[in-house]
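Scroll down for the structure; my scribbles are underneath it.
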Amino acid sequence: MPDQPLTSRGAATRRRILDVATQEFAEHGIAGARVERIVAAARTNKAQLYAYFGSKEGLFDAIFFGSLERIVNVVPIDAEDLADWAVRLYDEYLRRPDLIRLATWARLERRPSGHLVADTDRLDDHKLRAIAEAQAAGLVREGDPFDVMAVVIAMSMAWSPVSNVYAATAEEPPELHERRRALLHESVRRAMTPG
């Protein structure tokens with residue numbers, strides 16, 4: 001990253017690199033992504049890319065951590081209604097399938113076990129606290145808050161681009177999505193309700 005603020009032209013170039021590289025990494029992974037394709041599609045050069053991100057891996061990190069922050073901010077948890085949260089995650093995967101693919105490439109190529117990101121980079125502390133508070137209030141079943149969160153996220157990904165059963169797309173008929181949302185909502189509600 002440059003030490004000085006970017007000009008508007010520099011910011012636009014950086015944004016083009018991020019947009020193009022997001023698709024490149026989502027489609028090809030870290031190892032398969034090609035800097036040459038990224039800079040050609042972004043109408044820039046390797047020197048500019050490396051000046052902004054340091055390396056191809058630095059570019060992936062900028063995109064990947066940005067995608068994690070996006071999901072946290074766009075789909076904030078409501079621990080008192082985990083079923084609704086799961087449905088909103090489902091919708092976000094339809095809107096931005098590239099983001100879930102990025103997480104999958106990170107899992108495959110970087111961290112095949114354990115947490116997806118290092119402890120210092122995790123963004124789930126507030127989610128875990130919210131789940132623990134909902135459990136204490138008797139609104140969510142007992143269990144490790146991390147495990148509860150993991151189950152809800154896994155259920156929300158049942159039809160995501162990384163499903164090993166079926167990957168849904170936004171282009172499918174709306175009634176199909178409504179049926180899935182209803183099933184997901186009811187399944188999470190039943191699974192996470194105490195008793």
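Residues are referred to by chain and number: the chain letter is A, B, ... according to the order shown in the structure tokens, the number counts from 1 in that chain, and ligands are numbered separately from 1 in the order shown.
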What's around Pro76 in chain A at 9 Å? Count only C-alpha atoms, leave out sequence neighbours fewer than 6 positions away in its own chain, and write the answer as a PDB file with N, CA and C atoms, in the first residue's frame.
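Printed below is around-v7.pdb as written:
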```pdb
ATOM      1  N   TRP A  85     -31.170 -14.749  10.263  1.00  0.00           N
ATOM      2  CA  TRP A  85     -29.774 -14.524   9.899  1.00  0.00           C
ATOM      3  C   TRP A  85     -29.345 -15.527   8.835  1.00  0.00           C
ATOM      4  N   ARG A  88     -30.734 -14.497   5.516  1.00  0.00           N
ATOM      5  CA  ARG A  88     -30.017 -13.343   4.971  1.00  0.00           C
ATOM      6  C   ARG A  88     -28.642 -13.751   4.435  1.00  0.00           C
ATOM      7  N   LYS A 127     -20.231 -11.916  17.330  1.00  0.00           N
ATOM      8  CA  LYS A 127     -21.244 -12.939  17.036  1.00  0.00           C
ATOM      9  C   LYS A 127     -21.318 -13.943  18.173  1.00  0.00           C
TER      10      LYS A 127
END
```
Original post:
Skipping near chain neighbours, those fewer than 4 positions away, what residues fall within 10 Å of range 143-159 of chain A using only C-alpha atoms, listed as number ranges by chain?
Top reply: A: 77, 79, 82-83, 85-94, 100, 124-125, 127-135, 163-169, 177, 180-181, 184-185, 187-189, 191-192
Subject >> Straight-line distance linking CA of Gln48 in chain A with CA of Phe64 in chain A, stated in Å to one decimal >> reply: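 Distance reported for this atom pair: 19.7 Å.
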**OP:** Skip Asn45 in chain A itself and residues of its chain fewer than 6 positions away, then list as a count of residues only all residues within 9 Å of it, counting only C-alpha atoms.
**Re:** 3
**OP:** Quote the spacing between CA of Phe25 in chain A and CA of Leu108 in chain A in Å to one decimal place.
**Re:** 12.6 Å
Original post:
Pick the closest to Ala118 in chain A from A:Ala106, A:Thr7, A:Ser160, A:Leu18: which is it, counting only C-alpha atoms?
Top reply: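 The closest residue to Ala118 in chain A is A:Ala106.
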**OP:** Would you mind telling me which residue in A:Arg14, A:Pro194, A:Tyr50, A:Phe60 lies nearest to Trp105 in chain A when using only C-alpha atoms?
**Re:**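 Answer, going by the shortest atom-to-atom distance: A:Phe60.
The two atoms in question, CA of Ala42 in chain A and CA of Val20 in chain A, are spaced 6.1 Å apart.
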